[in-house]
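**Student:** My structure file upload_39.cif, mmCIF, C-alpha atoms, is below:
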```cif
data_work
loop_
_atom_site.label_atom_id
_atom_site.label_comp_id
_atom_site.auth_asym_id
_atom_site.auth_seq_id
_atom_site.Cartn_x
_atom_site.Cartn_y
_atom_site.Cartn_z
CA MET A 1 -11.68 16.93 2.28
CA ASP A 2 -15.25 16.17 3.18
CA ASP A 3 -14.61 14.85 6.65
CA ALA A 4 -17.33 16.97 8.16
CA ALA A 5 -19.93 15.41 5.90
CA THR A 6 -19.03 11.81 6.57
CA PRO A 7 -20.21 10.04 9.68
CA ASP A 8 -17.57 9.15 12.18
CA PRO A 9 -17.12 5.41 11.61
CA ASP A 10 -15.77 4.96 15.10
CA ALA A 11 -18.61 6.62 16.96
CA GLY A 12 -19.80 4.38 19.75
CA ARG A 13 -17.18 1.74 19.14
CA PRO A 14 -14.79 0.37 21.68
CA PRO A 15 -11.22 1.61 21.46
CA ARG A 16 -9.21 0.19 18.66
CA ARG A 17 -6.89 -2.61 19.61
CA GLY A 18 -4.22 -4.73 18.04
CA HIS A 19 -1.70 -3.51 15.55
CA ASP A 20 -4.24 -1.89 13.28
CA LEU A 21 -3.45 1.22 15.25
CA TYR A 22 -1.47 1.91 18.32
CA ASP A 23 0.02 4.88 19.98
CA ALA A 24 2.48 5.44 22.74
CA ASP A 25 -0.12 5.34 25.47
CA ALA A 26 -1.94 2.25 24.32
CA ASP A 27 0.54 -0.13 25.85
CA GLY A 28 1.42 1.99 28.83
CA ALA A 29 4.73 3.13 27.45
CA ASP A 30 5.71 6.76 27.40
CA ASP A 31 6.68 8.86 24.44
CA SER A 32 10.31 7.84 24.74
CA ARG A 33 9.66 4.67 22.80
CA ILE A 34 8.80 6.67 19.73
CA VAL A 35 11.71 7.49 17.50
CA ARG A 36 11.04 10.85 15.98
CA PRO A 37 11.33 10.24 12.28
CA TYR A 38 13.52 13.26 11.63
CA THR A 39 16.27 11.84 13.83
CA ARG A 40 16.65 9.15 11.20
CA THR A 41 16.72 11.52 8.28
CA ARG A 42 18.99 14.31 9.55
CA GLY A 43 16.07 16.64 10.06
CA ARG A 44 14.41 16.18 6.72
CA THR A 45 10.85 15.05 6.38
CA ARG A 46 10.67 15.23 2.62
CA SER A 47 12.94 14.29 -0.21
CA ALA A 48 12.91 14.83 -3.92
CA ARG A 49 11.57 11.29 -4.13
CA ASN A 50 8.97 11.79 -1.44
CA ASP A 51 6.38 10.39 -3.80
CA LEU A 52 8.04 7.01 -4.19
CA PRO A 53 5.12 4.58 -4.41
CA LEU A 54 4.73 2.12 -1.54
CA GLU A 55 5.09 -0.68 -4.08
CA ALA A 56 8.22 0.71 -5.77
CA LEU A 57 10.89 -1.98 -5.72
CA VAL A 58 14.34 -1.26 -4.39
CA SER A 59 17.47 -3.25 -5.20
CA ALA A 60 20.98 -2.57 -3.95
CA VAL A 61 23.59 -1.90 -6.62
CA PRO A 62 26.03 -4.84 -6.42
CA GLY A 63 29.44 -3.97 -5.14
CA ALA A 64 28.65 -0.39 -4.18
CA THR A 65 30.10 0.74 -0.85
CA ASP A 66 28.31 3.12 1.45
CA PRO A 67 30.50 5.87 2.91
CA VAL A 68 27.85 6.91 5.44
CA ALA A 69 26.58 3.59 6.80
CA THR A 70 23.98 4.60 9.35
CA SER A 71 21.94 1.71 10.74
CA GLU A 72 18.99 2.60 8.50
CA ARG A 73 21.16 2.71 5.41
CA ARG A 74 22.87 -0.53 6.36
CA GLY A 75 19.52 -2.20 6.95
CA ILE A 76 18.11 -1.10 3.62
CA LEU A 77 21.24 -2.02 1.68
CA LYS A 78 21.38 -5.46 3.32
CA LEU A 79 17.74 -6.34 2.64
CA ALA A 80 17.70 -4.83 -0.83
CA GLY A 81 20.93 -6.68 -1.58
CA GLU A 82 19.36 -10.04 -0.83
CA SER A 83 16.22 -9.54 -2.91
CA MET A 84 14.16 -6.80 -4.46
CA LEU A 85 11.81 -5.39 -1.90
CA SER A 86 9.18 -2.69 -1.99
CA ILE A 87 9.27 0.51 0.05
CA ALA A 88 6.45 -0.99 2.14
CA GLU A 89 8.35 -4.23 2.79
CA LEU A 90 11.50 -2.36 3.78
CA SER A 91 9.41 -0.34 6.22
CA ALA A 92 7.84 -3.48 7.68
CA HIS A 93 11.05 -5.51 7.94
CA LEU A 94 13.09 -2.69 9.44
CA SER A 95 10.24 -1.38 11.65
CA LEU A 96 10.78 2.12 10.34
CA PRO A 97 8.01 4.48 9.24
CA LEU A 98 7.34 4.75 5.53
CA GLY A 99 8.44 8.37 5.48
CA VAL A 100 11.87 7.47 6.81
CA ILE A 101 12.31 4.68 4.27
CA ARG A 102 11.33 7.04 1.46
CA VAL A 103 13.84 9.68 2.48
CA VAL A 104 16.71 7.25 3.06
CA VAL A 105 16.01 5.25 -0.12
CA GLY A 106 15.88 8.57 -1.99
CA ASP A 107 19.33 9.43 -0.65
CA LEU A 108 20.73 6.01 -1.51
CA ALA A 109 19.31 6.24 -5.04
CA ASP A 110 20.79 9.72 -5.51
CA GLN A 111 24.15 8.33 -4.45
CA GLY A 112 23.91 5.40 -6.86
CA LEU A 113 23.76 2.77 -4.11
CA VAL A 114 20.29 1.46 -4.88
CA THR A 115 18.07 1.28 -7.92
CA VAL A 116 14.38 2.09 -7.60
CA HIS A 117 12.11 0.31 -10.04
CA THR A 118 8.72 1.83 -10.86
CA GLY A 119 6.28 1.67 -13.72
CA SER A 120 5.99 -0.76 -16.59
CA ALA A 121 7.52 -0.81 -20.04
CA SER A 122 4.78 1.32 -21.51
CA SER A 123 3.42 3.34 -18.60
CA ALA A 124 4.66 5.18 -15.54
CA ASN A 125 1.60 3.83 -13.78
CA PRO A 126 1.02 0.15 -14.55
CA ALA A 127 -2.56 0.40 -13.27
CA ASN A 128 -3.30 2.54 -16.36
CA ASP A 129 -1.77 -0.02 -18.68
CA LEU A 130 -4.46 -2.27 -20.15
CA LYS A 131 -1.91 -4.94 -21.03
CA VAL A 132 -0.70 -5.06 -17.45
CA LEU A 133 -4.27 -5.36 -16.18
CA GLU A 134 -4.94 -8.19 -18.63
CA SER A 135 -1.90 -10.01 -17.27
CA VAL A 136 -3.05 -9.39 -13.70
CA LEU A 137 -6.50 -10.74 -14.52
CA ASP A 138 -5.07 -13.83 -16.23
CA GLY A 139 -2.64 -14.34 -13.39
CA ILE A 140 -5.24 -14.13 -10.63
CA SER A 141 -7.62 -16.34 -12.59
CA ALA A 142 -4.92 -19.01 -12.86
CA LEU A 143 -4.12 -19.01 -9.13
CA MET B 1 36.67 6.92 -49.82
CA ALA B 2 34.09 6.86 -47.13
CA PHE B 3 34.74 5.74 -43.60
CA PRO B 4 32.92 2.59 -42.62
CA ARG B 5 29.68 3.34 -40.83
CA SER B 6 30.26 3.07 -37.16
CA ASP B 7 27.07 1.16 -36.49
CA LEU B 8 28.30 -1.63 -38.70
CA THR B 9 31.75 -1.92 -37.22
CA ALA B 10 31.05 -1.12 -33.58
CA ALA B 11 28.89 -4.13 -32.96
CA PRO B 12 31.53 -6.71 -32.03
CA ALA B 13 33.75 -4.20 -30.27
CA ARG B 14 32.34 -4.59 -26.74
CA PRO B 15 33.65 -7.93 -25.59
CA SER B 16 33.34 -8.35 -21.84
CA GLN B 17 31.60 -5.28 -20.51
CA GLN B 18 28.31 -7.02 -20.02
CA VAL B 19 27.18 -7.56 -16.47
CA PRO B 20 26.21 -11.18 -15.88
CA VAL B 21 22.49 -11.56 -16.32
CA GLU B 22 21.92 -13.16 -12.94
CA THR B 23 23.11 -10.05 -11.12
CA MET B 24 20.66 -7.90 -13.03
CA PRO B 25 17.27 -9.59 -12.88
CA VAL B 26 14.52 -7.69 -14.58
CA ALA B 27 12.51 -5.99 -11.89
CA PRO B 28 8.94 -7.21 -11.65
CA VAL B 29 6.21 -4.75 -12.57
CA THR B 30 4.34 -3.97 -9.36
CA VAL B 31 0.66 -3.17 -9.10
CA LYS B 32 -1.54 -2.78 -6.06
CA ILE B 33 -5.10 -3.16 -4.93
CA VAL B 34 -6.45 -1.46 -1.81
CA VAL B 35 -8.58 -3.40 0.67
CA ALA B 36 -10.85 -1.08 2.63
CA GLY B 37 -13.65 -1.39 5.12
CA GLY B 38 -14.37 -0.79 8.77
CA PHE B 39 -12.19 -1.82 11.65
CA ALA B 40 -12.08 -5.60 12.23
CA VAL B 41 -14.15 -6.39 9.13
CA GLY B 42 -11.53 -8.92 8.00
CA LYS B 43 -9.15 -6.92 5.81
CA THR B 44 -6.02 -8.66 7.05
CA THR B 45 -7.73 -12.06 6.83
CA PHE B 46 -8.73 -11.27 3.26
CA ILE B 47 -5.17 -10.29 2.36
CA GLY B 48 -3.70 -13.31 4.13
CA SER B 49 -6.04 -15.72 2.35
CA ILE B 50 -4.23 -15.18 -0.95
CA SER B 51 -0.89 -13.55 -0.17
CA ASP B 52 2.36 -15.40 -0.91
CA ILE B 53 3.91 -13.85 2.18
CA GLU B 54 2.55 -13.63 5.71
CA PRO B 55 0.81 -10.24 5.84
CA LEU B 56 3.27 -7.60 6.97
CA SER B 57 2.53 -4.43 8.84
CA THR B 58 4.03 -1.09 7.95
CA GLU B 59 3.77 2.18 9.75
CA ALA B 60 3.62 5.83 9.01
CA ALA B 61 4.38 8.27 11.77
CA MET B 62 1.99 11.14 12.05
CA THR B 63 1.95 14.21 14.18
CA GLU B 64 -1.26 15.35 15.75
CA HIS B 65 -2.28 18.26 17.88
CA SER B 66 -3.84 17.16 21.11
CA LEU B 67 -5.57 19.41 23.56
CA GLY B 68 -4.89 18.61 27.16
CA VAL B 69 -4.70 20.11 30.62
CA ASP B 70 -1.23 20.60 32.04
CA ASP B 71 -0.19 20.26 35.68
CA ALA B 72 -0.86 23.92 36.36
CA GLY B 73 -4.41 23.59 35.15
CA GLY B 74 -3.83 25.37 31.87
CA VAL B 75 -5.01 24.08 28.53
CA THR B 76 -2.17 22.95 26.36
CA ASP B 77 -1.98 22.30 22.67
CA ARG B 78 0.62 19.60 22.33
CA LYS B 79 1.90 17.85 19.31
CA THR B 80 2.02 14.12 19.76
CA THR B 81 3.34 11.53 17.40
CA THR B 82 1.33 8.42 16.78
CA THR B 83 1.81 5.70 14.27
CA VAL B 84 -0.72 4.33 11.84
CA ALA B 85 -0.27 0.76 10.76
CA MET B 86 -1.30 -0.83 7.49
CA ASP B 87 -1.21 -4.51 6.75
CA PHE B 88 -0.26 -5.72 3.32
CA GLY B 89 0.52 -8.84 1.34
CA ARG B 90 2.06 -9.76 -1.98
CA ILE B 91 1.21 -12.19 -4.77
CA ALA B 92 3.64 -13.10 -7.55
CA LEU B 93 1.84 -13.53 -10.87
CA PRO B 94 3.11 -14.98 -14.14
CA GLY B 95 4.73 -12.49 -16.48
CA ASN B 96 7.01 -11.05 -13.79
CA LEU B 97 4.20 -9.19 -12.03
CA TRP B 98 3.85 -8.60 -8.33
CA LEU B 99 0.45 -7.67 -6.99
CA TYR B 100 0.42 -5.97 -3.60
CA LEU B 101 -2.71 -5.87 -1.46
CA PHE B 102 -2.81 -3.01 1.02
CA GLY B 103 -5.32 -2.76 3.84
CA THR B 104 -6.40 0.75 4.77
CA PRO B 105 -6.19 2.10 8.27
CA GLY B 106 -9.79 2.12 9.44
CA GLN B 107 -10.42 5.63 10.64
CA ASP B 108 -11.24 8.54 8.38
CA ARG B 109 -8.78 10.78 10.16
CA PHE B 110 -6.14 8.76 8.38
CA HIS B 111 -7.36 9.76 4.94
CA PHE B 112 -3.96 11.26 4.26
CA MET B 113 -2.66 7.71 4.18
CA TRP B 114 -5.48 6.57 1.95
CA ASP B 115 -4.34 9.14 -0.60
CA ASP B 116 -0.90 7.60 -0.48
CA LEU B 117 -2.29 4.08 -0.78
CA ILE B 118 -4.66 4.72 -3.62
CA THR B 119 -2.17 6.57 -5.83
CA GLY B 120 -1.43 4.23 -8.71
CA ALA B 121 -3.78 1.51 -7.43
CA ILE B 122 -5.93 -0.59 -9.76
CA GLY B 123 -8.85 0.03 -7.43
CA ALA B 124 -10.31 -1.07 -4.12
CA VAL B 125 -12.18 -3.97 -2.61
CA VAL B 126 -14.46 -2.61 0.12
CA LEU B 127 -15.23 -5.31 2.66
CA VAL B 128 -18.71 -4.94 4.10
CA ASP B 129 -19.89 -6.25 7.45
CA THR B 130 -23.67 -6.31 7.26
CA GLU B 131 -23.89 -6.00 11.04
CA ARG B 132 -22.18 -2.65 10.74
CA LEU B 133 -23.00 -1.28 7.32
CA ASP B 134 -22.17 2.24 8.44
CA ALA B 135 -18.54 1.25 8.94
CA CYS B 136 -17.96 1.23 5.20
CA PHE B 137 -19.79 4.47 4.32
CA ASP B 138 -16.53 6.28 4.65
CA ALA B 139 -14.70 4.08 2.18
CA VAL B 140 -17.57 4.16 -0.34
CA ASP B 141 -17.69 7.97 -0.15
CA TYR B 142 -13.96 8.21 -0.54
CA PHE B 143 -13.70 6.02 -3.64
CA GLU B 144 -16.83 7.45 -5.27
CA ALA B 145 -15.59 11.01 -4.83
CA ARG B 146 -12.27 10.12 -6.48
CA GLN B 147 -13.80 7.96 -9.20
CA ILE B 148 -11.67 5.01 -8.17
CA PRO B 149 -12.99 1.61 -9.31
CA PHE B 150 -14.29 -0.35 -6.33
CA VAL B 151 -16.36 -3.42 -5.57
CA LEU B 152 -18.39 -4.24 -2.46
CA ALA B 153 -17.54 -7.62 -1.00
CA VAL B 154 -20.03 -8.56 1.68
CA ASN B 155 -18.18 -10.70 4.18
CA CYS B 156 -20.14 -13.70 5.47
CA PHE B 157 -18.17 -14.74 8.52
CA ASP B 158 -20.14 -17.89 9.16
CA GLY B 159 -21.50 -18.53 5.71
CA VAL B 160 -24.84 -16.98 6.66
CA ALA B 161 -26.02 -13.96 4.72
CA ARG B 162 -28.02 -11.68 6.97
CA HIS B 163 -28.97 -9.25 4.24
CA THR B 164 -29.64 -9.68 0.57
CA LEU B 165 -27.23 -8.06 -1.81
CA ASP B 166 -30.06 -5.82 -3.02
CA ASP B 167 -30.55 -4.61 0.55
CA VAL B 168 -26.85 -3.83 0.85
CA ARG B 169 -26.83 -2.04 -2.48
CA ALA B 170 -29.84 0.03 -1.50
CA ALA B 171 -28.48 0.84 1.95
CA LEU B 172 -25.19 2.03 0.54
CA ALA B 173 -26.79 3.72 -2.48
CA VAL B 174 -24.02 2.73 -4.86
CA ARG B 175 -24.33 3.11 -8.59
CA PRO B 176 -25.66 0.12 -10.54
CA GLU B 177 -22.31 -0.61 -12.16
CA VAL B 178 -20.62 -1.22 -8.81
CA PRO B 179 -20.40 -4.99 -8.28
CA VAL B 180 -21.86 -6.19 -4.98
CA PHE B 181 -21.28 -9.81 -3.98
CA TYR B 182 -20.79 -12.13 -1.03
CA THR B 183 -17.33 -13.16 -0.02
CA ASP B 184 -15.59 -15.09 2.73
CA ALA B 185 -12.39 -13.34 3.72
CA ARG B 186 -10.91 -16.63 4.89
CA SER B 187 -11.37 -18.33 1.53
CA ARG B 188 -8.65 -18.07 -1.06
CA GLN B 189 -11.17 -18.91 -3.77
CA ALA B 190 -13.61 -16.20 -2.67
CA THR B 191 -10.82 -13.64 -2.38
CA LYS B 192 -9.64 -14.57 -5.84
CA GLN B 193 -13.14 -13.97 -7.23
CA ALA B 194 -13.31 -10.59 -5.49
CA LEU B 195 -10.02 -9.51 -7.06
CA ILE B 196 -11.13 -10.76 -10.49
CA SER B 197 -14.31 -8.73 -10.17
CA LEU B 198 -12.35 -5.58 -9.35
CA VAL B 199 -9.75 -5.96 -12.10
CA THR B 200 -12.53 -6.67 -14.62
CA LEU B 201 -14.29 -3.47 -13.54
CA ALA B 202 -11.08 -1.44 -13.78
CA MET B 203 -10.46 -2.78 -17.28
CA ALA B 204 -14.02 -1.99 -18.36
CA ARG B 205 -13.48 1.60 -17.23
CA MET B 206 -10.42 1.86 -19.46
CA GLN B 207 -12.10 0.62 -22.64
CA PRO B 208 -12.87 3.48 -25.01
#
```
If you convert what's in this file into structure tokens, what do you get?
**Tutor:**
Amino acid sequence: MDDAATPDPDAGRPPRRGHDLYDADADGADDSRIVRPYTRTRGRTRSARNDLPLEALVSAVPGATDPVATSERRGILKLAGESMLSIAELSAHLSLPLGVIRVVVGDLADQGLVTVHTGSASSANPANDLKVLESVLDGISAL
Amino acid sequence: MAFPRSDLTAAPARPSQQVPVETMPVAPVTVKIVVAGGFAVGKTTFIGSISDIEPLSTEAAMTEHSLGVDDAGGVTDRKTTTTVAMDFGRIALPGNLWLYLFGTPGQDRFHFMWDDLITGAIGAVVLVDTERLDACFDAVDYFEARQIPFVLAVNCFDGVARHTLDDVRAALAVRPEVPVFYTDARSRQATKQALISLVTLAMARMQP
């Protein structure tokens, strides 16, 4: 990456505040408030589905029962059972890092407990699908 | 005598195996647009001006090395975990489409998250604060280097333009095809126009 060549955008600025960024020290708490992500994922930081897009939608498979039922899995299955939600929304609603959601959703999908929806009818990446972009443009224009 | 062709006889043979339609809604197609720019330039306001949902915040944990001095006076190289937050919103569009708007974390040391955000994105709206033009250099460099469609939306907080669009274009040295326009991050109408400009650009790039 060309980090060295780009000016530091934060040079001379006051410290960042608000929820745009925070760390353990910003609010006077110690490191104990941070849940190490790997404790949620049984030591794994990657899964076969590590590249699940942030906007991939997750829905719980109706009627499926979860033999493991950790709090993360329960949380995801409950939310994704009520409505389809993206990886990013699951992360936000459950206050869990994206990486944790990706790993746990990957597990749940492998076990047939959730369905992950990505892509469009004619393309794995809808942003490369001219028809999808036309619909997006029409849709935004009509807002 | 030939057996009947199975595809003619099999058709009515599956009476009640179908799952009721209401339990299997067709998943919306999801697309995303990235909203970039310096810290406090109005990214979350921009997203909130058009989002169907209150902007949400999601986090990624990251591990960093930090140099420090321990109690015994020695220099330590510790790993610390911090979290990076991104705000995002969602707009439902006709045709079973959901458009997500993701704000970038402001600092360039979080480029690893930008890579994640921009994968599969239509493109980016870079919000420009003319009081701090340098705050968006980073985003402009990033999207130019990766040939990602982007537009420059110059945020006029109080409706007063302090610089002409030509000045902004010259200061940021963007190519002529990059749209540069004024916006008001609080205005749904202005945000809508900014998104239209970006999607139009992305479509033009795809035309043969």
**Student:** Select all residues from chain B having any atom no more than 7 Å from an atom of chain A (counting only C-alpha atoms, ignoring ligands), output as a PyMOL selection string.
**Tutor:** chain B and resi 27+29-31+56-61+82-86+93-94+105+107+120-122+134-135+138+192+196+199+203
**Student:** Excluding Leu152 in chain B and residues on its chain fewer than 6 positions from it, collect all residues at most 9 Å away from it, counting only C-alpha atoms, and give them as a PyMOL selection string.
**Tutor:** chain B and resi 124-128+140+169+178-182+194
**Student:** Using only C-alpha atoms for the distances, tell me which of B:Gly89, B:Gly48, B:Gly123, B:Gly103 is nearest to Val151 in chain B.
**Tutor:**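 Checking each candidate against Val151 in chain B, we get B:Gly123 as the closest.
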**Student:** Tell me, in Å to one decimal, how far CA of Leu198 in chain B is from CA of Ala92 in chain B.
**Tutor:**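 Distance between the two atoms: 17.8 Å.
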**Student:** May I ask for the distance between CA of Ile47 in chain B and CA of Glu177 in chain B, given in Å to one decimal place?
**Tutor:** 24.5 Å
**Student:** Select, from B:Glu131, B:Asp167, B:Asp184, B:Asp52, the residue with the minimum atom-to-atom distance to Leu99 in chain B, counting only C-alpha atoms.
**Tutor:** B:Asp52
**Student:** With distances taken over all atoms listed in the file, which of B:Thr164, B:Thr44, B:Thr119, B:Gln207 is nearest to Arg146 in chain B?
**Tutor:**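 Of the candidates, the smallest distance to Arg146 in chain B is held by B:Thr119.
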**Student:** If you measure from CA of Leu85 in chain A to CA of Asn96 in chain B, what distance in Å do you get, rounded to one decimal?
**Tutor:**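 Calculated distance between CA of Leu85 in chain A and CA of Asn96 in chain B is 14.0 Å.
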**Student:** Near Asn155 in chain B, within 12 Å and counting all atoms listed in the file, which residues show up once chain neighbours fewer than 2 positions away are dropped, as a CSV table (one decimal) with C-alpha atoms, in the frame of the given file?
**Tutor:**
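What ended up in around10.csv:
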```csv
chain,number,residue,atom,x,y,z
B,37,GLY,CA,-13.6,-1.4,5.1
B,38,GLY,CA,-14.4,-0.8,8.8
B,40,ALA,CA,-12.1,-5.6,12.2
B,41,VAL,CA,-14.2,-6.4,9.1
B,42,GLY,CA,-11.5,-8.9,8.0
B,43,LYS,CA,-9.2,-6.9,5.8
B,45,THR,CA,-7.7,-12.1,6.8
B,46,PHE,CA,-8.7,-11.3,3.3
B,125,VAL,CA,-12.2,-4.0,-2.6
B,126,VAL,CA,-14.5,-2.6,0.1
B,127,LEU,CA,-15.2,-5.3,2.7
B,128,VAL,CA,-18.7,-4.9,4.1
B,129,ASP,CA,-19.9,-6.2,7.4
B,130,THR,CA,-23.7,-6.3,7.3
B,131,GLU,CA,-23.9,-6.0,11.0
B,132,ARG,CA,-22.2,-2.6,10.7
B,133,LEU,CA,-23.0,-1.3,7.3
B,136,CYS,CA,-18.0,1.2,5.2
B,152,LEU,CA,-18.4,-4.2,-2.5
B,153,ALA,CA,-17.5,-7.6,-1.0
B,157,PHE,CA,-18.2,-14.7,8.5
B,158,ASP,CA,-20.1,-17.9,9.2
B,159,GLY,CA,-21.5,-18.5,5.7
B,160,VAL,CA,-24.8,-17.0,6.7
B,161,ALA,CA,-26.0,-14.0,4.7
B,162,ARG,CA,-28.0,-11.7,7.0
B,163,HIS,CA,-29.0,-9.2,4.2
B,165,LEU,CA,-27.2,-8.1,-1.8
B,168,VAL,CA,-26.8,-3.8,0.8
B,180,VAL,CA,-21.9,-6.2,-5.0
B,181,PHE,CA,-21.3,-9.8,-4.0
B,182,TYR,CA,-20.8,-12.1,-1.0
B,183,THR,CA,-17.3,-13.2,0.0
B,184,ASP,CA,-15.6,-15.1,2.7
B,185,ALA,CA,-12.4,-13.3,3.7
B,186,ARG,CA,-10.9,-16.6,4.9
B,187,SER,CA,-11.4,-18.3,1.5
B,190,ALA,CA,-13.6,-16.2,-2.7
B,191,THR,CA,-10.8,-13.6,-2.4
B,194,ALA,CA,-13.3,-10.6,-5.5
```
